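Some notes on the structure that comes next.
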Amino acid sequence: MTLRTPLTMVSALAMLAATAATADTLTIATVNNGDMVRMQGLTADFTAKTGHEVEWVTLEENVLRQRVTTDITTKGGAFDIMTIGMYETPIWGKNGWLVPLDDLSAEYDVDDILPAMRGGLSVDGTLYAAPFYGESSMIMYRTDLMEAAGLEMPDAPTWEFVADAARKMTDKDGEVYGICLRGKAGWGENMAFLTATSNAFGARWFDEDWKPQFDTEEWATTLNFYIDLMNEAGPPGASTNGFNENLSLFQQGKCGMWIDATVAASFVTNPDDSTVADKVGFALAPDTGLGKRGNWLWAWALGIPAGTDNEAAAKQFVEWATSKEYIELVAENEGWANVPPGARTSLYENENYKEVPFAQMTLDSILSADPTAPTVKPVPYVGVQFAAIPEFAGIATEVGQEFSAALAGQQTAEEALAKAQALTADAMEAAGY
Amino acid sequence: MARNVTTQRKIINTTAAWVIGLLIFFPILWTILTSFKTEATAIADPPVFLFFDWTLENYQVVNERSNYGRFLWNSIFIAGGSTILGLIVAIPAAWSMAFVPSRRTKDILLWMLSTKMLPAVGVLYPIYLIFIKFGLLDSVLGLTIVLMLINLPIIVWMLYTYFREIPGEILEAARMDGASLKSELLYVLTPMAVPGIASTLLLNFILAWNEAFWTLNLTAAKAAPLTAFIASYSSPEGLFYAKLSAASTMAIAPILILGWFSQKQLVRGLTFGAVK
């Protein structure tokens, strides 16, 4: 035996050991949304490029939120990557629970991320989660019903126009309702919509000293406007309608207008599921002339919990899933209409993407939302349809129950606002504000 | 004394029983039907009952996206393991309470049941921290232990009720004949209590199979059972009801079949000891 054979064997073994040491298995927690499901289907591309395997834990949004919160607050280490939103990221980043994403590669081009998204996912200028897809809210409306009502939807309508159009489009006997809006209680349900809408009416959650503002004229106007409009032009049982219920109504041709997440655009224009796919138009969420629009801003982002054993591999995955190349990979496999929207500037400069009907309106909606100055008056919090403080989710869910009860006719708007003011003041005082 | 039952009364009773039975079964039937619809038919208003284009597409999608076998295996192991482990602990406990009661037996029984009165989420953090400490997070073993502990009060209570029905004199006679404690438990008591033990086993298997708080909160990718499989198809932003129904049908099918074949034992077990 010559010396060469054992040498080759040793180097082969060393290479094998090196591969074994660098090939990790990543556990990723995510939600069951269309874009995430597509990402799971394309994982083989990541494994082929890096050698790392991926195990998915897909859960319903609220279950996921509870699950990853338990894990990150106890440093459980069950996940290497978590799918989190714009609400959690600043709070968790500030607490040091997330790995800062300040050393992303040059090819990744972090400056290409839309400024609104980057701002909402950063703490003091440091990015803590990379946006996988972003969304805002906008008006989706039936072009045929609008025409029949003798109206033309402007690109940037006012609430006055929307309310008038809704009343004209309503035909309760024919089961067509002028406007479908969220009514189901919850901080991410009716309160996401109502908080964003209240911005357009000049209302705010807290003043600069963290005093709740539900006793102000602006909130009274917002809530009364919403309840009156829904009673006159909304579907029956609206106080239990969330995103899915309204999507179902719209797809069956029962809504004239629907103001909700931009991600819904791909559902309502899909002829396999929607009976009105070819009759949908889009417009910016309405304003009242005060300079702010009632559209929200949200991102589903990928964050890495501090203390994970696979930090390097996790960073590779986050870069892969939120890169420009990934967008092209989805476009190749599933078409441009199905790429994750709202995260990167370059996507909206892409000629192929400009042909997607709802692309421009989605971008305009995202660009018109500013999480650092969400409403007319100054506020001490960050967030358009929420205030990014840990107490918000609990308080807003309770306030949402009061507003939902007012919509159902169980109490007046004034009673609901008085209760909201009292419970928010109590909770904020208990939290030490 | 048996009552005279007229034919008319019999018909009314049977009809009422069927109506109630169908009413209870309806949500499951609806889930199964929905799993064969397209997403568009699933949300159709008015709802379509039987006359639609049946499709297996949802099952195909679910099978492509998820490793059903792994979830199923975890469910069988966790439900089976926790039930058997529970019986091993509960049989001696119920024996001592039924045949050698002390002044405090009743209090102990009540105290055991009181552990079921606290909402599970109240102890989520302590249990989660213990699991991290012992490396039990996302492990089948950890989940088996937790489910066994959670169902233990019910197992002990059920067995205690069954054992009380068995005359103590028989056990005394065995002891007179020189049976040790072990033989008394294994060869005399257990065979006589087989129907009771069987129904306890079945009921606890079903309870553990359906448990959806701990199985979701203490698992990630490796030990996740069928409850997590269902949860992965639920979505607040997107209408995937048909796929969700297909996943649910696949998750309940094994336990539904088991329940069907063992319904005699289940009913007998549940009514055993009811008439004194």
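In the structure tokens, chains take the letters A, B, ... in the order shown, each chain's residues start at 1, and ligands count up from 1 in the order shown.
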A:Leu407 surroundings by only C-alpha atoms, 8 Å radius, close-in-sequence under 6 positions cut, as a PyMOL selection string: chain A and resi 183+227+230-231+238-239
Taking only C-alpha atoms into account, produce a table as JSON lines in which each residue of chain B with an atom at most 10 Å from an atom of chain A appears once, together with its shortest atom pair and the distance in Å to one decimal, ordered by chain and rising number.
```
{"residue": "B:Thr38", "atom": "CA", "partner": "A:Asp273", "partner_atom": "CA", "distance": 8.8}
{"residue": "B:Glu39", "atom": "CA", "partner": "A:Asp273", "partner_atom": "CA", "distance": 6.8}
{"residue": "B:Ala40", "atom": "CA", "partner": "A:Asp273", "partner_atom": "CA", "distance": 5.0}
{"residue": "B:Thr41", "atom": "CA", "partner": "A:Asp273", "partner_atom": "CA", "distance": 8.7}
{"residue": "B:Ile43", "atom": "CA", "partner": "A:Ser248", "partner_atom": "CA", "distance": 6.7}
{"residue": "B:Ala44", "atom": "CA", "partner": "A:Gln252", "partner_atom": "CA", "distance": 7.7}
{"residue": "B:Asp45", "atom": "CA", "partner": "A:Gln252", "partner_atom": "CA", "distance": 8.0}
{"residue": "B:Glu64", "atom": "CA", "partner": "A:Gly41", "partner_atom": "CA", "distance": 9.5}
{"residue": "B:Arg65", "atom": "CA", "partner": "A:Gly41", "partner_atom": "CA", "distance": 7.8}
{"residue": "B:Ser66", "atom": "CA", "partner": "A:Trp56", "partner_atom": "CA", "distance": 9.5}
{"residue": "B:Leu124", "atom": "CA", "partner": "A:Thr70", "partner_atom": "CA", "distance": 8.4}
{"residue": "B:Tyr125", "atom": "CA", "partner": "A:Thr70", "partner_atom": "CA", "distance": 7.3}
{"residue": "B:Pro126", "atom": "CA", "partner": "A:Thr74", "partner_atom": "CA", "distance": 9.8}
{"residue": "B:Tyr128", "atom": "CA", "partner": "A:Thr74", "partner_atom": "CA", "distance": 7.8}
{"residue": "B:Leu129", "atom": "CA", "partner": "A:Thr74", "partner_atom": "CA", "distance": 6.7}
{"residue": "B:Phe131", "atom": "CA", "partner": "A:Gly76", "partner_atom": "CA", "distance": 8.7}
{"residue": "B:Ile132", "atom": "CA", "partner": "A:Gly76", "partner_atom": "CA", "distance": 5.9}
{"residue": "B:Lys133", "atom": "CA", "partner": "A:Gly76", "partner_atom": "CA", "distance": 9.2}
{"residue": "B:Gly135", "atom": "CA", "partner": "A:Gly76", "partner_atom": "CA", "distance": 9.5}
{"residue": "B:Leu137", "atom": "CA", "partner": "A:Ala78", "partner_atom": "CA", "distance": 7.2}
{"residue": "B:Asp138", "atom": "CA", "partner": "A:Ala78", "partner_atom": "CA", "distance": 7.3}
{"residue": "B:Phe213", "atom": "CA", "partner": "A:Val63", "partner_atom": "CA", "distance": 9.8}
{"residue": "B:Leu216", "atom": "CA", "partner": "A:Arg67", "partner_atom": "CA", "distance": 7.8}
{"residue": "B:Asn217", "atom": "CA", "partner": "A:Arg67", "partner_atom": "CA", "distance": 5.8}
{"residue": "B:Leu218", "atom": "CA", "partner": "A:Arg67", "partner_atom": "CA", "distance": 8.5}
{"residue": "B:Thr219", "atom": "CA", "partner": "A:Ala78", "partner_atom": "CA", "distance": 8.0}
{"residue": "B:Ala220", "atom": "CA", "partner": "A:Val57", "partner_atom": "CA", "distance": 6.0}
{"residue": "B:Ala221", "atom": "CA", "partner": "A:Val57", "partner_atom": "CA", "distance": 5.6}
{"residue": "B:Lys222", "atom": "CA", "partner": "A:Glu55", "partner_atom": "CA", "distance": 8.6}
{"residue": "B:Ala224", "atom": "CA", "partner": "A:Val57", "partner_atom": "CA", "distance": 8.8}
{"residue": "B:Ala228", "atom": "CA", "partner": "A:Leu59", "partner_atom": "CA", "distance": 7.3}
{"residue": "B:Phe229", "atom": "CA", "partner": "A:Thr58", "partner_atom": "CA", "distance": 8.4}
{"residue": "B:Ile230", "atom": "CA", "partner": "A:Leu59", "partner_atom": "CA", "distance": 8.7}
{"residue": "B:Ala231", "atom": "CA", "partner": "A:Leu59", "partner_atom": "CA", "distance": 5.3}
{"residue": "B:Ser232", "atom": "CA", "partner": "A:Leu59", "partner_atom": "CA", "distance": 4.4}
{"residue": "B:Tyr233", "atom": "CA", "partner": "A:Asn32", "partner_atom": "CA", "distance": 6.3}
{"residue": "B:Ser234", "atom": "CA", "partner": "A:Glu60", "partner_atom": "CA", "distance": 5.2}
{"residue": "B:Ser235", "atom": "CA", "partner": "A:Glu60", "partner_atom": "CA", "distance": 5.3}
{"residue": "B:Pro236", "atom": "CA", "partner": "A:Asn244", "partner_atom": "CA", "distance": 6.4}
{"residue": "B:Glu237", "atom": "CA", "partner": "A:Asn244", "partner_atom": "CA", "distance": 6.1}
{"residue": "B:Gly238", "atom": "CA", "partner": "A:Asn244", "partner_atom": "CA", "distance": 6.1}
{"residue": "B:Leu239", "atom": "CA", "partner": "A:Asn244", "partner_atom": "CA", "distance": 6.1}
{"residue": "B:Phe240", "atom": "CA", "partner": "A:Asn32", "partner_atom": "CA", "distance": 9.5}
```
Saved selection, atoms kept: N, CA and C atoms, as a short mmCIF file (atom, residue, chain, number, x, y, z; two decimals), in the first residue's frame:
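Final output, result-v3.cif:
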```cif
data_model
loop_
_atom_site.label_atom_id
_atom_site.label_comp_id
_atom_site.auth_asym_id
_atom_site.auth_seq_id
_atom_site.Cartn_x
_atom_site.Cartn_y
_atom_site.Cartn_z
N THR B 38 -64.70 20.97 -3.31
CA THR B 38 -63.66 21.94 -3.67
C THR B 38 -63.77 23.10 -2.67
N GLU B 39 -62.74 23.95 -2.60
CA GLU B 39 -62.79 25.08 -1.65
C GLU B 39 -63.99 25.97 -1.95
N ALA B 40 -64.33 26.14 -3.22
CA ALA B 40 -65.45 27.01 -3.58
C ALA B 40 -66.79 26.39 -3.14
N THR B 41 -66.96 25.08 -3.32
CA THR B 41 -68.21 24.42 -2.90
C THR B 41 -68.31 24.41 -1.37
N ILE B 43 -67.66 26.66 0.74
CA ILE B 43 -68.21 27.87 1.35
C ILE B 43 -69.50 28.31 0.66
N ALA B 44 -70.04 27.45 -0.24
CA ALA B 44 -71.22 27.83 -1.00
C ALA B 44 -72.39 28.17 -0.07
N ASP B 45 -73.13 29.19 -0.43
CA ASP B 45 -74.31 29.58 0.35
C ASP B 45 -75.50 29.70 -0.60
N GLU B 64 -49.45 15.37 0.14
CA GLU B 64 -48.22 15.90 -0.43
C GLU B 64 -47.51 16.82 0.54
N ARG B 65 -48.32 17.61 1.26
CA ARG B 65 -47.73 18.64 2.11
C ARG B 65 -47.24 18.13 3.46
N SER B 66 -47.91 17.10 4.00
CA SER B 66 -47.57 16.68 5.35
C SER B 66 -47.22 15.21 5.40
N LEU B 124 -48.83 26.22 32.40
CA LEU B 124 -48.02 26.09 31.17
C LEU B 124 -46.56 26.45 31.40
N TYR B 125 -46.33 27.61 32.02
CA TYR B 125 -44.93 28.05 32.19
C TYR B 125 -44.14 27.12 33.10
N PRO B 126 -44.66 26.77 34.31
CA PRO B 126 -43.87 25.83 35.14
C PRO B 126 -43.55 24.54 34.39
N TYR B 128 -43.44 23.99 31.17
CA TYR B 128 -42.53 24.27 30.06
C TYR B 128 -41.09 24.37 30.57
N LEU B 129 -40.90 25.06 31.72
CA LEU B 129 -39.56 25.22 32.27
C LEU B 129 -38.99 23.88 32.73
N PHE B 131 -39.76 21.00 31.49
CA PHE B 131 -39.44 20.26 30.26
C PHE B 131 -38.09 20.70 29.68
N ILE B 132 -37.84 22.03 29.70
CA ILE B 132 -36.55 22.52 29.18
C ILE B 132 -35.42 21.93 30.02
N LYS B 133 -35.58 21.98 31.35
CA LYS B 133 -34.56 21.51 32.28
C LYS B 133 -34.22 20.04 32.03
N GLY B 135 -34.82 18.35 29.29
CA GLY B 135 -34.64 18.03 27.87
C GLY B 135 -35.81 17.26 27.27
N LEU B 137 -38.62 18.68 25.97
CA LEU B 137 -39.38 19.46 24.98
C LEU B 137 -39.38 18.76 23.64
N ASP B 138 -40.55 18.73 23.00
CA ASP B 138 -40.68 18.09 21.69
C ASP B 138 -40.24 16.63 21.71
N PHE B 213 -54.18 20.79 24.00
CA PHE B 213 -53.46 21.93 24.59
C PHE B 213 -51.97 21.59 24.76
N LEU B 216 -50.03 20.58 21.58
CA LEU B 216 -49.62 21.68 20.71
C LEU B 216 -48.52 22.52 21.34
N ASN B 217 -48.60 22.69 22.66
CA ASN B 217 -47.67 23.61 23.31
C ASN B 217 -46.33 23.01 23.68
N LEU B 218 -46.25 21.69 23.77
CA LEU B 218 -44.98 21.09 24.20
C LEU B 218 -44.24 20.42 23.04
N THR B 219 -44.76 20.54 21.83
CA THR B 219 -44.09 19.89 20.71
C THR B 219 -43.65 20.91 19.67
N ALA B 220 -42.75 20.48 18.80
CA ALA B 220 -42.40 21.31 17.63
C ALA B 220 -42.51 20.41 16.41
N ALA B 221 -41.40 19.92 15.90
CA ALA B 221 -41.48 19.12 14.68
C ALA B 221 -41.44 17.61 14.94
N LYS B 222 -40.71 17.19 15.96
CA LYS B 222 -40.46 15.75 16.11
C LYS B 222 -41.60 14.97 16.75
N ALA B 224 -44.78 15.98 17.33
CA ALA B 224 -46.13 16.50 17.11
C ALA B 224 -47.10 15.41 16.67
N ALA B 228 -51.60 18.55 16.10
CA ALA B 228 -50.77 19.56 15.43
C ALA B 228 -50.95 19.48 13.92
N PHE B 229 -51.20 18.27 13.45
CA PHE B 229 -51.46 18.07 12.01
C PHE B 229 -52.70 18.86 11.59
N ILE B 230 -53.76 18.80 12.40
CA ILE B 230 -54.98 19.57 12.10
C ILE B 230 -54.68 21.06 12.18
N ALA B 231 -53.99 21.47 13.26
CA ALA B 231 -53.74 22.90 13.47
C ALA B 231 -52.96 23.51 12.31
N SER B 232 -52.17 22.70 11.62
CA SER B 232 -51.36 23.26 10.54
C SER B 232 -52.20 23.58 9.30
N TYR B 233 -53.46 23.18 9.29
CA TYR B 233 -54.31 23.49 8.14
C TYR B 233 -55.35 24.56 8.43
N SER B 234 -55.31 25.11 9.66
CA SER B 234 -56.25 26.15 10.01
C SER B 234 -55.61 27.50 9.71
N SER B 235 -56.37 28.42 9.12
CA SER B 235 -55.78 29.71 8.76
C SER B 235 -56.80 30.83 8.88
N PRO B 236 -56.44 31.92 9.62
CA PRO B 236 -57.38 33.03 9.69
C PRO B 236 -57.37 33.92 8.44
N GLU B 237 -56.37 33.78 7.58
CA GLU B 237 -56.32 34.58 6.37
C GLU B 237 -56.28 33.69 5.14
N GLY B 238 -57.42 33.16 4.78
CA GLY B 238 -57.47 32.28 3.60
C GLY B 238 -58.50 31.19 3.84
N LEU B 239 -59.31 30.91 2.84
CA LEU B 239 -60.38 29.92 3.00
C LEU B 239 -59.89 28.55 2.56
N PHE B 240 -59.41 27.78 3.54
CA PHE B 240 -58.94 26.42 3.22
C PHE B 240 -59.77 25.41 3.99
#
```
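Relative to atom CA of A:Gly188, atom CA of A:Ala396 is found at 8.6 Å.
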Residue neighbourhood A:Trp258, 12 Å, only C-alpha atoms, exclusion window fewer than 6 positions, as a PyMOL selection string: chain A and resi 137-142+162-163+166+177-182+193+230+233-235+241-251+264-265+268+280-286
Grab the residues selected above and save them as a PDB file, in the first residue's frame with C-alpha atoms.
```pdb
ATOM      1  CA  SER A 137     -55.110  47.291   3.598  1.00  0.00           C
ATOM      2  CA  MET A 138     -57.036  48.691   0.653  1.00  0.00           C
ATOM      3  CA  ILE A 139     -60.510  48.849  -0.852  1.00  0.00           C
ATOM      4  CA  MET A 140     -61.548  45.994  -3.086  1.00  0.00           C
ATOM      5  CA  TYR A 141     -64.748  46.862  -4.916  1.00  0.00           C
ATOM      6  CA  ARG A 142     -67.098  45.465  -7.534  1.00  0.00           C
ATOM      7  CA  VAL A 162     -67.246  55.318   0.334  1.00  0.00           C
ATOM      8  CA  ALA A 163     -70.221  55.631   2.690  1.00  0.00           C
ATOM      9  CA  ALA A 166     -72.024  51.718   0.017  1.00  0.00           C
ATOM     10  CA  TYR A 177     -74.433  44.662   0.828  1.00  0.00           C
ATOM     11  CA  GLY A 178     -72.594  47.855  -0.035  1.00  0.00           C
ATOM     12  CA  ILE A 179     -69.721  47.341   2.391  1.00  0.00           C
ATOM     13  CA  CYS A 180     -68.215  44.427   4.323  1.00  0.00           C
ATOM     14  CA  LEU A 181     -65.931  45.278   7.239  1.00  0.00           C
ATOM     15  CA  ARG A 182     -64.475  43.365  10.141  1.00  0.00           C
ATOM     16  CA  PHE A 193     -59.424  47.807  11.116  1.00  0.00           C
ATOM     17  CA  MET A 230     -72.592  48.895   8.899  1.00  0.00           C
ATOM     18  CA  ALA A 233     -75.085  48.979   4.263  1.00  0.00           C
ATOM     19  CA  GLY A 234     -73.390  46.020   5.950  1.00  0.00           C
ATOM     20  CA  PRO A 235     -74.246  42.308   5.915  1.00  0.00           C
ATOM     21  CA  ASN A 241     -67.264  38.619  10.648  1.00  0.00           C
ATOM     22  CA  GLY A 242     -63.494  38.454  10.309  1.00  0.00           C
ATOM     23  CA  PHE A 243     -61.232  38.193   7.276  1.00  0.00           C
ATOM     24  CA  ASN A 244     -62.428  34.730   6.198  1.00  0.00           C
ATOM     25  CA  GLU A 245     -66.134  35.480   6.595  1.00  0.00           C
ATOM     26  CA  ASN A 246     -65.855  38.656   4.524  1.00  0.00           C
ATOM     27  CA  LEU A 247     -63.692  36.904   1.926  1.00  0.00           C
ATOM     28  CA  SER A 248     -66.375  34.269   1.566  1.00  0.00           C
ATOM     29  CA  LEU A 249     -69.117  36.923   1.192  1.00  0.00           C
ATOM     30  CA  PHE A 250     -67.097  38.890  -1.370  1.00  0.00           C
ATOM     31  CA  GLN A 251     -66.226  35.807  -3.422  1.00  0.00           C
ATOM     32  CA  ALA A 264     -56.869  39.253  -0.253  1.00  0.00           C
ATOM     33  CA  ALA A 265     -56.461  40.653  -3.769  1.00  0.00           C
ATOM     34  CA  VAL A 268     -60.756  37.575  -4.944  1.00  0.00           C
ATOM     35  CA  VAL A 280     -62.845  43.582  -8.981  1.00  0.00           C
ATOM     36  CA  GLY A 281     -61.229  47.004  -8.766  1.00  0.00           C
ATOM     37  CA  PHE A 282     -58.806  48.376  -6.168  1.00  0.00           C
ATOM     38  CA  ALA A 283     -58.436  51.736  -4.443  1.00  0.00           C
ATOM     39  CA  LEU A 284     -56.533  53.186  -1.495  1.00  0.00           C
ATOM     40  CA  ALA A 285     -58.166  52.981   1.928  1.00  0.00           C
ATOM     41  CA  PRO A 286     -60.290  56.115   2.505  1.00  0.00           C
TER      42      PRO A 286
END
```
Distance in Å - atom CA of B:Leu72 versus atom CA of B:Phe25: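 Interatomic distance here is 23.1 Å.
Among the candidate residues A:Gly289, A:Phe225, A:Lys211, A:Glu217, the one lying nearest to A:Tyr433 is A:Lys211, with distances computed using only C-alpha atoms.
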Proximity to A:Ala314 - best of A:Gln360, A:Asn224, A:Thr412, A:Thr25, only C-alpha atoms: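 The answer is A:Thr25, which sits nearest to A:Ala314.
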Backbone-only DSSP, helix (DSSP H, G or I) members of stretch 245-305 of chain A, as a list of chain:residue names: A:Glu245, A:Asn246, A:Leu247, A:Ser248, A:Leu249, A:Phe250, A:Gln251, A:Ala264, A:Ala265, A:Ser266, A:Phe267, A:Val268, A:Ala277, A:Asp278, A:Lys279
Within 12 Å of A:Glu107 using only C-alpha atoms, minus same-chain residues under 4 positions, as a PyMOL selection string: chain A and resi 103+111-112+319-320+322-325
Point-to-point distance in Å for atom CA of B:Val62 and atom CA of B:Asn204: 28.2 Å
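Take the candidates B:Ile127, B:Ile145, B:Ala94, B:Leu189 and check each one against B:Phe77 using only C-alpha atoms; the shortest distance goes to B:Ile145.
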Which of B:Pro167, B:Leu143, B:Ile150, B:Gly69 sits closest to B:Ala98 [using only C-alpha atoms]: B:Pro167
Residue set, stretch 125-244 of chain A restricted to strand (DSSP E), as a ChimeraX atom specification: /A:126-127,130-142,177-180
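Residues in contact range of B:Leu203, defined as at most 9 Å between only C-alpha atoms, with sequence neighbours fewer than 5 positions away removed, read B:Ala198, B:Ala208, B:Leu266.
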